[in-house]
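*Asks:* The file below is data05.txt, compact mmCIF, C-alpha atoms and all ligand atoms:
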# COMPACT_ATOMS: atom_id res chain seq x y z
CA MET A 1 92.86 93.91 92.14
CA GLN A 2 95.49 91.17 91.82
CA HIS A 3 96.53 92.53 88.43
CA ASP A 4 97.73 95.76 90.05
CA THR A 5 99.69 94.36 92.98
CA PHE A 6 102.92 93.95 91.00
CA GLY A 7 103.58 90.49 92.43
CA HIS A 8 105.76 89.52 89.47
CA GLU A 9 107.96 92.62 89.76
CA ILE A 10 108.19 92.31 93.56
CA GLY A 11 109.27 88.68 93.18
CA LEU A 12 112.03 89.61 90.73
CA ALA A 13 113.20 92.49 92.91
CA GLU A 14 113.34 90.43 96.11
CA GLN A 15 115.11 87.58 94.38
CA TRP A 16 117.70 89.92 92.85
CA LEU A 17 118.36 91.64 96.17
CA GLU A 18 118.37 88.63 98.45
CA LYS A 19 120.01 86.03 96.23
CA SER A 20 122.41 88.16 94.21
CA ALA A 21 123.03 91.78 95.15
CA LEU A 22 123.16 91.72 98.95
CA PRO A 23 125.34 88.58 99.20
CA LEU A 24 127.70 90.01 96.57
CA TRP A 25 127.93 93.50 98.06
CA GLN A 26 128.27 92.00 101.53
CA SER A 27 131.17 89.78 100.53
CA GLN A 28 132.90 92.14 98.05
CA GLY A 29 131.65 95.62 98.88
CA ILE A 30 132.56 95.94 102.58
CA ASP A 31 136.11 96.56 103.70
CA TRP A 32 135.91 94.80 107.06
CA GLU A 33 139.64 95.14 107.54
CA LYS A 34 140.37 98.80 106.74
CA GLY A 35 136.92 100.21 107.34
CA GLY A 36 134.03 101.49 105.31
CA PHE A 37 132.74 100.31 101.95
CA PHE A 38 134.32 100.06 98.51
CA ASP A 39 133.35 102.67 95.97
CA ALA A 40 132.92 100.45 92.89
CA LEU A 41 133.14 96.80 91.86
CA ASP A 42 134.46 95.44 88.58
CA LEU A 43 131.61 94.44 86.25
CA VAL A 44 133.25 91.12 85.38
CA THR A 45 135.17 89.99 88.46
CA GLY A 46 132.95 91.62 91.08
CA VAL A 47 135.94 92.81 93.13
CA ASN A 48 136.82 96.34 94.21
CA SER A 49 138.01 98.45 91.30
CA ALA A 50 138.25 101.88 92.94
CA ASN A 51 141.20 103.47 94.68
CA ARG A 52 139.14 105.74 96.90
CA LYS A 53 136.46 105.71 99.56
CA ARG A 54 133.77 108.36 99.88
CA LEU A 55 131.50 109.57 102.65
CA ARG A 56 128.66 109.55 100.10
CA VAL A 57 129.04 105.83 99.56
CA ILE A 58 129.58 104.97 103.24
CA THR A 59 126.33 106.75 104.12
CA ARG A 60 124.34 105.28 101.24
CA GLN A 61 125.48 101.74 102.08
CA ILE A 62 124.31 102.33 105.66
CA TYR A 63 120.83 102.91 104.19
CA VAL A 64 121.07 99.72 102.08
CA PHE A 65 122.14 97.53 104.97
CA SER A 66 119.66 99.14 107.40
CA GLN A 67 116.86 98.17 105.08
CA ALA A 68 118.32 94.69 104.80
CA ALA A 69 118.65 94.47 108.61
CA LYS A 70 114.95 95.26 108.98
CA HIS A 71 114.35 92.24 106.80
CA ASN A 72 116.67 90.10 108.96
CA ILE A 73 119.33 89.61 106.30
CA PRO A 74 122.34 88.08 108.13
CA GLN A 75 125.22 90.45 108.94
CA ALA A 76 123.31 93.49 107.69
CA ARG A 77 123.15 95.07 111.13
CA GLU A 78 126.91 94.56 111.56
CA ALA A 79 127.45 96.28 108.21
CA VAL A 80 125.43 99.28 109.42
CA LEU A 81 127.47 99.58 112.64
CA HIS A 82 130.67 99.16 110.62
CA GLY A 83 129.65 102.12 108.43
CA ILE A 84 128.71 104.27 111.42
CA ASP A 85 132.04 103.47 113.03
CA PHE A 86 133.87 104.73 109.91
CA ILE A 87 131.97 108.01 109.99
CA PHE A 88 132.70 108.66 113.67
CA SER A 89 136.27 107.39 113.78
CA ARG A 90 137.69 108.39 110.35
CA ALA A 91 135.52 111.16 108.92
CA ARG A 92 135.07 113.60 111.79
CA HIS A 93 136.42 117.07 111.03
CA PRO A 94 138.04 118.87 114.00
CA GLN A 95 136.01 122.01 113.26
CA GLY A 96 132.70 120.19 113.02
CA ALA A 97 130.83 117.96 110.57
CA PHE A 98 132.53 115.29 108.44
CA LEU A 99 135.06 114.96 105.64
CA SER A 100 134.11 113.63 102.20
CA ASN A 101 137.09 111.85 100.67
CA PHE A 102 139.43 109.05 101.75
CA ASP A 103 142.05 106.75 100.33
CA LEU A 104 141.65 102.98 100.36
CA ASP A 105 143.20 102.78 103.84
CA GLY A 106 140.55 105.16 105.13
CA ASN A 107 142.88 108.16 105.51
CA ALA A 108 141.28 111.52 104.76
CA VAL A 109 142.15 113.09 101.42
CA GLY A 110 141.76 116.88 101.30
CA ASP A 111 139.71 118.97 103.63
CA GLN A 112 136.36 119.17 101.88
CA ARG A 113 133.10 119.18 103.80
CA ASP A 114 130.37 118.79 101.22
CA THR A 115 126.77 119.75 101.92
CA TYR A 116 125.38 117.03 99.67
CA ASP A 117 127.42 114.38 101.49
CA LEU A 118 126.56 115.82 104.90
CA ALA A 119 122.86 115.54 104.05
CA PHE A 120 123.58 111.86 103.52
CA VAL A 121 125.23 111.65 106.94
CA LEU A 122 121.97 112.88 108.50
CA PHE A 123 120.11 110.34 106.40
CA ALA A 124 122.43 107.49 107.40
CA LEU A 125 122.16 108.39 111.09
CA ALA A 126 118.37 108.16 110.80
CA GLN A 127 118.63 104.78 109.10
CA ALA A 128 120.96 103.40 111.76
CA TYR A 129 118.78 104.91 114.49
CA SER A 130 115.73 103.19 113.03
CA ILE A 131 117.29 99.79 113.66
CA THR A 132 119.21 100.48 116.90
CA GLN A 133 117.32 103.31 118.68
CA ASP A 134 120.74 104.38 119.95
CA PRO A 135 120.30 107.91 121.43
CA LYS A 136 123.90 108.81 120.48
CA LEU A 137 122.87 108.70 116.82
CA ALA A 138 120.04 111.16 117.48
CA GLN A 139 122.42 113.48 119.37
CA GLU A 140 124.92 113.37 116.50
CA ALA A 141 122.13 114.19 114.05
CA LEU A 142 120.98 117.18 116.11
CA SER A 143 124.50 118.53 116.38
CA LEU A 144 125.02 118.12 112.62
CA ALA A 145 121.69 119.88 112.03
CA ALA A 146 122.99 122.73 114.22
CA PHE A 147 126.13 122.84 112.04
CA PHE A 148 123.90 123.17 108.99
CA SER A 149 122.06 126.12 110.46
CA LYS A 150 125.06 127.87 112.05
CA VAL A 151 127.82 127.22 109.51
CA LEU A 152 126.33 126.08 106.21
CA SER A 153 123.26 128.26 105.91
CA HIS A 154 123.45 130.85 103.13
CA PRO A 155 122.47 134.45 103.93
CA ARG A 156 120.13 134.45 100.92
CA GLY A 157 118.32 131.25 101.81
CA GLY A 158 119.12 127.57 101.75
CA PHE A 159 122.63 126.23 102.26
CA VAL A 160 126.03 126.75 100.69
CA GLU A 161 127.47 123.89 98.63
CA GLY A 162 130.02 123.05 101.32
CA ILE A 163 133.32 124.20 102.75
CA PRO A 164 134.79 125.50 100.49
CA ALA A 165 131.52 126.77 98.97
CA GLU A 166 131.54 125.94 95.27
CA LYS A 167 129.47 127.58 92.54
CA PRO A 168 126.87 127.39 91.10
CA ARG A 169 124.39 126.63 93.84
CA ARG A 170 122.25 123.55 93.17
CA GLN A 171 118.87 122.17 94.14
CA ASN A 172 120.40 118.68 94.52
CA PRO A 173 121.92 118.97 98.06
CA HIS A 174 118.71 120.61 99.27
CA MET A 175 116.68 117.72 97.86
CA HIS A 176 118.79 115.19 99.74
CA LEU A 177 118.58 117.30 102.89
CA LEU A 178 114.80 117.11 102.62
CA GLU A 179 115.11 113.34 102.24
CA ALA A 180 117.23 113.20 105.40
CA SER A 181 114.86 115.47 107.34
CA LEU A 182 111.92 113.29 106.39
CA ALA A 183 113.82 110.20 107.50
CA TRP A 184 114.16 111.80 110.96
CA VAL A 185 110.50 112.85 110.95
CA GLY A 186 109.74 109.19 110.22
CA CYS A 187 111.82 108.27 113.30
CA GLY A 188 109.58 110.50 115.43
CA GLU A 189 111.81 113.60 115.79
CA LYS A 190 109.35 116.42 116.33
CA THR A 191 111.13 119.76 116.39
CA VAL A 192 114.29 120.36 114.35
CA PHE A 193 113.62 118.14 111.35
CA PRO A 194 109.94 118.93 110.65
CA ALA A 195 110.91 122.64 110.67
CA LEU A 196 113.85 121.96 108.33
CA ALA A 197 111.59 119.97 105.99
CA HIS A 198 109.05 122.84 105.83
CA ASN A 199 111.84 125.31 105.18
CA LEU A 200 113.22 123.18 102.32
CA VAL A 201 109.81 122.72 100.71
CA ASP A 202 109.32 126.52 100.84
CA LEU A 203 112.68 126.93 99.16
CA PHE A 204 111.61 124.41 96.53
CA LYS A 205 108.38 126.30 95.90
CA ASN A 206 110.03 129.72 95.73
CA HIS A 207 113.20 128.89 93.80
CA PHE A 208 113.72 125.39 92.37
CA PHE A 209 110.25 124.80 90.95
CA ASP A 210 109.20 126.62 87.78
CA PRO A 211 105.41 127.10 88.13
CA GLU A 212 104.93 128.02 84.49
CA THR A 213 106.15 124.71 83.13
CA GLY A 214 106.09 122.28 86.07
CA ALA A 215 109.86 121.71 85.68
CA ILE A 216 112.55 121.83 88.38
CA LEU A 217 115.78 123.68 87.64
CA GLU A 218 119.19 122.39 88.72
CA TYR A 219 121.52 125.42 88.92
CA PHE A 220 121.23 128.80 90.62
CA ASP A 221 123.13 131.99 91.33
CA ASP A 222 123.98 133.30 94.77
CA SER A 223 120.46 134.49 95.51
CA LEU A 224 118.96 131.25 94.20
CA GLY A 225 117.88 133.10 91.08
CA ARG A 226 118.79 132.11 87.54
CA SER A 227 120.65 135.12 86.18
CA GLY A 228 124.29 135.15 85.21
CA PRO A 229 126.25 133.51 82.40
CA ASP A 230 127.31 130.48 84.43
CA ILE A 231 123.79 129.41 85.30
CA ARG A 232 122.84 126.61 82.92
CA GLU A 233 119.15 126.05 82.36
CA ALA A 234 119.03 122.32 82.98
CA VAL A 235 116.29 119.94 84.06
CA GLU A 236 116.99 116.31 85.00
CA PRO A 237 114.05 113.91 84.55
CA GLY A 238 115.52 111.65 87.27
CA HIS A 239 115.33 114.52 89.74
CA LEU A 240 111.77 115.38 88.67
CA PHE A 241 110.69 111.89 89.66
CA GLU A 242 112.81 111.99 92.81
CA TRP A 243 110.99 115.16 93.89
CA VAL A 244 107.61 113.57 93.09
CA TRP A 245 108.42 110.75 95.47
CA LEU A 246 109.86 113.05 98.15
CA LEU A 247 106.97 115.50 98.07
CA ASP A 248 104.56 112.60 98.31
CA GLN A 249 106.48 111.46 101.41
CA TYR A 250 106.42 115.00 102.78
CA GLU A 251 102.65 115.10 102.41
CA SER A 252 102.10 111.82 104.18
CA LEU A 253 104.59 112.48 106.99
CA THR A 254 103.63 116.08 107.75
CA GLY A 255 100.01 116.28 106.62
CA GLN A 256 100.80 119.33 104.46
CA THR A 257 99.47 119.42 100.90
CA VAL A 258 101.68 120.09 97.92
CA PRO A 259 99.43 121.34 95.12
CA TYR A 260 102.01 121.33 92.31
CA LEU A 261 102.91 117.64 92.44
CA ASP A 262 100.72 116.75 89.45
CA GLN A 263 102.40 119.43 87.36
CA ILE A 264 105.87 117.97 88.00
CA TYR A 265 104.71 114.45 87.22
CA ASP A 266 103.10 115.60 83.96
CA PHE A 267 106.15 117.56 82.85
CA ALA A 268 108.38 114.56 83.56
CA HIS A 269 106.17 112.30 81.46
CA ARG A 270 105.67 114.75 78.65
CA HIS A 271 109.36 115.56 78.15
CA GLY A 272 111.53 113.21 80.21
CA VAL A 273 110.83 109.79 78.69
CA ASP A 274 112.59 108.63 75.54
CA ARG A 275 109.75 106.79 73.76
CA LYS A 276 112.21 105.04 71.46
CA SER A 277 114.43 103.42 74.10
CA GLY A 278 111.97 103.29 77.00
CA PHE A 279 114.58 105.01 79.22
CA LEU A 280 114.60 108.52 80.64
CA PHE A 281 116.66 111.28 79.11
CA GLY A 282 119.65 112.43 81.14
CA GLU A 283 118.98 116.15 80.78
CA ILE A 284 116.39 118.34 79.10
CA GLY A 285 115.64 122.08 78.94
CA LEU A 286 112.92 124.14 80.54
CA ASP A 287 111.05 124.01 77.22
CA GLY A 288 111.32 120.21 77.19
CA SER A 289 114.01 120.16 74.48
CA LEU A 290 116.61 117.41 74.63
CA HIS A 291 120.00 118.39 76.10
CA ASP A 292 121.50 114.96 76.67
CA ALA A 293 120.09 111.51 75.95
CA LYS A 294 122.91 109.80 77.89
CA VAL A 295 121.53 108.62 81.18
CA ARG A 296 122.60 106.78 84.32
CA LEU A 297 120.89 103.97 86.17
CA TRP A 298 119.73 105.98 89.18
CA PRO A 299 117.04 108.11 87.43
CA HIS A 300 115.18 104.89 86.59
CA ALA A 301 115.08 103.81 90.23
CA GLU A 302 113.65 107.22 91.12
CA TRP A 303 111.17 106.85 88.28
CA LEU A 304 110.02 103.52 89.69
CA ARG A 305 109.40 104.77 93.20
CA ALA A 306 107.64 107.89 91.89
CA GLU A 307 105.33 105.72 89.76
CA ALA A 308 104.62 103.42 92.70
CA ALA A 309 103.79 106.44 94.88
CA TRP A 310 101.66 107.86 92.09
CA LYS A 311 99.68 104.62 91.79
CA ARG A 312 98.99 104.73 95.54
CA ARG A 313 97.82 108.34 95.31
CA HIS A 314 95.69 107.57 92.25
CA PRO A 315 94.47 103.97 92.41
CA GLU A 316 92.79 104.44 89.03
CA ALA A 317 96.14 105.29 87.33
CA ASP A 318 97.44 103.01 84.59
CA PRO A 319 99.52 100.22 86.24
CA ASP A 320 101.58 99.94 83.06
CA ARG A 321 103.38 103.12 84.02
CA VAL A 322 104.79 101.32 87.07
CA ARG A 323 105.75 98.36 84.88
CA GLN A 324 107.36 100.62 82.30
CA ALA A 325 109.61 102.15 84.96
CA PHE A 326 110.37 98.74 86.46
CA THR A 327 111.34 97.35 83.06
CA ALA A 328 113.65 100.30 82.38
CA LEU A 329 115.44 99.80 85.71
CA TRP A 330 115.53 96.05 85.28
CA ARG A 331 117.30 96.33 81.93
CA PHE A 332 120.23 98.04 83.70
CA LEU A 333 120.46 95.03 86.03
CA GLU A 334 120.64 92.40 83.29
CA THR A 335 124.39 91.90 83.37
CA GLU A 336 126.29 88.64 83.12
CA ARG A 337 126.84 88.62 86.84
CA SER A 338 123.59 89.08 88.71
CA GLY A 339 123.86 91.62 91.53
CA LEU A 340 125.87 94.08 89.43
CA TRP A 341 124.60 96.61 86.89
CA PHE A 342 125.35 98.84 83.95
CA GLU A 343 125.59 102.40 85.24
CA HIS A 344 125.59 104.31 81.95
CA TYR A 345 123.35 104.12 78.89
CA ASP A 346 124.32 106.04 75.78
CA PRO A 347 121.94 105.59 72.85
CA GLU A 348 124.46 107.15 70.42
CA ASN A 349 127.26 104.90 71.45
CA GLY A 350 126.10 101.30 71.55
CA GLY A 351 123.68 101.47 74.50
CA PHE A 352 124.91 100.15 77.86
CA GLN A 353 128.52 101.00 78.76
CA LYS A 354 130.59 98.29 80.39
CA GLY A 355 132.25 100.27 83.16
CA PRO A 356 132.89 99.82 86.88
CA VAL A 357 129.77 99.35 88.99
CA PRO A 358 129.44 102.31 91.40
CA ALA A 359 128.31 101.38 94.89
CA SER A 360 126.52 104.72 95.11
CA SER A 361 123.65 103.37 92.99
CA LEU A 362 122.63 100.47 95.23
CA TYR A 363 120.87 102.97 97.49
CA HIS A 364 118.74 104.06 94.53
CA ILE A 365 117.95 100.49 93.48
CA VAL A 366 116.87 99.49 97.01
CA GLY A 367 114.81 102.71 97.26
CA GLY A 368 113.17 102.03 93.90
CA PHE A 369 112.33 98.44 94.79
CA LYS A 370 111.09 99.47 98.23
CA GLY A 371 108.70 101.82 96.46
CA LEU A 372 106.98 98.64 95.27
CA LYS A 373 106.61 97.65 98.95
CA ILE A 374 109.06 94.78 98.86
CA TRP A 375 110.06 93.40 102.28
CA GLU A 376 106.77 94.54 103.83
O1 LIG B 401 128.88 110.38 93.15
P1 LIG B 401 128.06 109.58 92.22
O2 LIG B 401 128.28 108.13 92.36
O3 LIG B 401 128.19 110.08 90.80
O4 LIG B 401 126.58 109.88 92.62
C1 LIG B 401 126.13 111.18 92.54
C2 LIG B 401 124.79 111.21 91.89
O5 LIG B 401 123.91 110.57 92.75
C3 LIG B 401 122.60 110.54 92.38
O6 LIG B 401 121.93 110.01 93.43
C4 LIG B 401 122.03 111.90 92.10
O7 LIG B 401 121.86 112.62 93.31
C5 LIG B 401 122.93 112.64 91.17
O8 LIG B 401 122.46 113.93 91.02
C6 LIG B 401 124.34 112.62 91.66
O9 LIG B 401 125.17 113.22 90.71
Could you spell out this file's structure in structure tokens?

*Replies:*
Amino acid sequence: MQHDTFGHEIGLAEQWLEKSALPLWQSQGIDWEKGGFFDALDLVTGVNSANRKRLRVITRQIYVFSQAAKHNIPQAREAVLHGIDFIFSRARHPQGAFLSNFDLDGNAVGDQRDTYDLAFVLFALAQAYSITQDPKLAQEALSLAAFFSKVLSHPRGGFVEGIPAEKPRRQNPHMHLLEASLAWVGCGEKTVFPALAHNLVDLFKNHFFDPETGAILEYFDDSLGRSGPDIREAVEPGHLFEWVWLLDQYESLTGQTVPYLDQIYDFAHRHGVDRKSGFLFGEIGLDGSLHDAKVRLWPHAEWLRAEAAWKRRHPEADPDRVRQAFTALWRFLETERSGLWFEHYDPENGGFQKGPVPASSLYHIVGGFKGLKIWE
């Protein structure tokens, strides 16, 4: 039915990406001279406003430009190779894996190897592999996966937070590791990554997911339980939708069924959406109570791709749910300079906050829009 194909939204998304965001982030967001990508652009001038570089952003921008390269956007492939070059030449740690933080010149700052960021390295390698088929990228991914299992795995299940291993343990790095594993499954890897994906979904089922409510908890103790004074009972609606999308991907890539997906989607809708503003809440409790109404852009991009996946799973579902999520995301993009965005919304403090525009969110926006099947 034409009415449900979201042609209007797809048109807006493609136009925003191709005419505004990608040209701007290509000209202002890549440090061709000193390597890597800039961490944030100024909301008004559109030039770099950060004094650091981060592995997280380098890897996420590799995803953005890989998607753009598949759509033949000029210089996108070069941007991907530029990012990969930074990871291999500047970020490699002598004892294995990759460092997280750098100064503007690309010199390492500190010694941290962060599990969340390393999951994104695996993800970025898959993205670059999908456009180059370079076997070196697959070898690097397999050796990083071996580092995960030999060095980062936690004796009580899952993975430590990094080296050094911070507390509390979180579902978040595991979620992104599942995303990375599925990206490699999508590239045709048949042994290491399908097994890792199954292992992570088991972990999800046994620890992160709360079967009584349909919620997903964020923080855990050493045994991935929830006891101890430091373990906050927090649920992030953005992550609920992110898991809906990921578990849908897991089902279609592995053929396994995930019976509790509907429960998560229902919990997210029942408690995660602020009916007054039309945005998601930043954080809620296990009982659905409001913890924090302040919210970032990225949860809305995850909301959009979850709704788009949901509509494909349930063709009879109300298409307005997809439009509602699109509208929420779109409102973050309505800045004076198209291609930039407001990152923070605070309903108690004047709505959108006019701060620096973090590069880390472009990955979410592209992912959200791709959920609508743009560029296909
Ligand atoms: O490092 P920044 O830019 O804050 O991004 C980090 C944030 O990214 C998002 O994708 C989510 O995974 C959040 O849970 C995370 O806190």

*Asks:* Write out as a CSV table (one decimal) with C-alpha atoms, keeping the file's coordinate frame each polymer residue whose atoms come within 10 Å of stretch 98-109 of chain A, counting only C-alpha atoms; drop sequence neighbours fewer than 4 positions from it.

*Replies:*
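Output file part16.csv is given in full below:
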chain,number,residue,atom,x,y,z
A,31,ASP,CA,136.1,96.6,103.7
A,33,GLU,CA,139.6,95.1,107.5
A,34,LYS,CA,140.4,98.8,106.7
A,35,GLY,CA,136.9,100.2,107.3
A,36,GLY,CA,134.0,101.5,105.3
A,37,PHE,CA,132.7,100.3,102.0
A,38,PHE,CA,134.3,100.1,98.5
A,39,ASP,CA,133.4,102.7,96.0
A,50,ALA,CA,138.2,101.9,92.9
A,51,ASN,CA,141.2,103.5,94.7
A,52,ARG,CA,139.1,105.7,96.9
A,53,LYS,CA,136.5,105.7,99.6
A,54,ARG,CA,133.8,108.4,99.9
A,55,LEU,CA,131.5,109.6,102.6
A,56,ARG,CA,128.7,109.6,100.1
A,57,VAL,CA,129.0,105.8,99.6
A,58,ILE,CA,129.6,105.0,103.2
A,86,PHE,CA,133.9,104.7,109.9
A,87,ILE,CA,132.0,108.0,110.0
A,88,PHE,CA,132.7,108.7,113.7
A,89,SER,CA,136.3,107.4,113.8
A,90,ARG,CA,137.7,108.4,110.4
A,91,ALA,CA,135.5,111.2,108.9
A,92,ARG,CA,135.1,113.6,111.8
A,93,HIS,CA,136.4,117.1,111.0
A,94,PRO,CA,138.0,118.9,114.0
A,113,ARG,CA,133.1,119.2,103.8
A,114,ASP,CA,130.4,118.8,101.2
A,115,THR,CA,126.8,119.8,101.9
A,116,TYR,CA,125.4,117.0,99.7
A,117,ASP,CA,127.4,114.4,101.5
A,118,LEU,CA,126.6,115.8,104.9
A,121,VAL,CA,125.2,111.6,106.9
A,144,LEU,CA,125.0,118.1,112.6
A,163,ILE,CA,133.3,124.2,102.8

*Asks:* Dump as a tab-separated table the rows for residues of chain A within 10 Å of ligand LIG 401 (chain B): closest atom pair and distance in Å with one decimal, all atoms listed in the file counted, ordered by chain and rising residue number.

*Replies:*
residue	atom	partner	partner_atom	distance
A:Asp39	CA	B:LIG401	O2	8.3
A:Ala40	CA	B:LIG401	O2	9.0
A:Arg54	CA	B:LIG401	O1	8.6
A:Leu55	CA	B:LIG401	O1	9.9
A:Arg56	CA	B:LIG401	O1	7.0
A:Val57	CA	B:LIG401	O2	7.6
A:Arg60	CA	B:LIG401	O6	9.4
A:Tyr116	CA	B:LIG401	O7	8.5
A:Asp117	CA	B:LIG401	O1	9.4
A:Arg170	CA	B:LIG401	O8	9.9
A:Gln171	CA	B:LIG401	O8	9.5
A:Asn172	CA	B:LIG401	O8	6.2
A:Pro173	CA	B:LIG401	O7	7.9
A:Met175	CA	B:LIG401	O7	8.6
A:His176	CA	B:LIG401	O7	7.6
A:Glu218	CA	B:LIG401	O8	9.4
A:Glu236	CA	B:LIG401	O8	8.5
A:Gly238	CA	B:LIG401	C4	8.1
A:His239	CA	B:LIG401	O8	7.3
A:Glu242	CA	B:LIG401	O7	9.1
A:Arg296	CA	B:LIG401	C3	8.9
A:Leu297	CA	B:LIG401	C3	9.2
A:Trp298	CA	B:LIG401	O6	6.3
A:Pro299	CA	B:LIG401	C4	7.8
A:Ala301	CA	B:LIG401	O6	9.8
A:Glu302	CA	B:LIG401	O6	9.0
A:Glu343	CA	B:LIG401	O2	9.5
A:Val357	CA	B:LIG401	O2	9.5
A:Pro358	CA	B:LIG401	O2	6.0
A:Ala359	CA	B:LIG401	O2	7.2
A:Ser360	CA	B:LIG401	O2	4.7
A:Ser361	CA	B:LIG401	O2	6.7
A:Leu362	CA	B:LIG401	O6	9.7
A:Tyr363	CA	B:LIG401	O6	8.2
A:His364	CA	B:LIG401	O6	6.8

*Asks:* Of the candidates A:Pro237, A:Lys205, A:Ala124, A:Val151, which one gets nearest to A:Ser181 if we count all atoms listed in the file?

*Replies:*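 Comparing A:Pro237, A:Lys205, A:Ala124, A:Val151 against A:Ser181, the winner is A:Ala124.
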
*Asks:* Measure the distance from atom CA of A:Leu125 to atom CA of A:Ala145 in Å and round it to one decimal.

*Replies:*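 Going from atom CA of A:Leu125 over to atom CA of A:Ala145 covers 11.5 Å.
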
*Asks:* Have a look at atom CA of A:His71 and atom CA of A:Glu307 and let me know their distance in Å, one decimal.

*Replies:*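 About the pair atom CA of A:His71 and atom CA of A:Glu307: they are 23.5 Å apart.
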
*Asks:* Which protein, DNA or RNA residues have an atom at most 9 Å from (119.2, 100.9, 102.9), counting all atoms listed in the file? List them as a list in words.

*Replies:*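 Collected hits near the coordinates: Arg60, Gln61, Ile62, Tyr63, Val64, Phe65, Ser66, Gln67, Ala68, Ala69, Ala124, Gln127, Leu362, Tyr363, His364, Val366 and Gly367 of chain A.
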
*Asks:* Those selected residues, please, written with C-alpha atoms and delivered as a PDB file, in the frame of the given file.

*Replies:*
ATOM      1  CA  ARG A  60     124.340 105.280 101.240  1.00  0.00           C
ATOM      2  CA  GLN A  61     125.480 101.740 102.080  1.00  0.00           C
ATOM      3  CA  ILE A  62     124.310 102.330 105.660  1.00  0.00           C
ATOM      4  CA  TYR A  63     120.830 102.910 104.190  1.00  0.00           C
ATOM      5  CA  VAL A  64     121.070  99.720 102.080  1.00  0.00           C
ATOM      6  CA  PHE A  65     122.140  97.530 104.970  1.00  0.00           C
ATOM      7  CA  SER A  66     119.660  99.140 107.400  1.00  0.00           C
ATOM      8  CA  GLN A  67     116.860  98.170 105.080  1.00  0.00           C
ATOM      9  CA  ALA A  68     118.320  94.690 104.800  1.00  0.00           C
ATOM     10  CA  ALA A  69     118.650  94.470 108.610  1.00  0.00           C
ATOM     11  CA  ALA A 124     122.430 107.490 107.400  1.00  0.00           C
ATOM     12  CA  GLN A 127     118.630 104.780 109.100  1.00  0.00           C
ATOM     13  CA  LEU A 362     122.630 100.470  95.230  1.00  0.00           C
ATOM     14  CA  TYR A 363     120.870 102.970  97.490  1.00  0.00           C
ATOM     15  CA  HIS A 364     118.740 104.060  94.530  1.00  0.00           C
ATOM     16  CA  VAL A 366     116.870  99.490  97.010  1.00  0.00           C
ATOM     17  CA  GLY A 367     114.810 102.710  97.260  1.00  0.00           C
TER      18      GLY A 367
END

*Asks:* Could you work out how far atom CA of A:Asn349 lies from atom CA of A:Phe267, giving the answer in Å with one decimal?

*Replies:*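 One can read the atom CA of A:Phe267 to atom CA of A:Asn349 distance as 27.1 Å.
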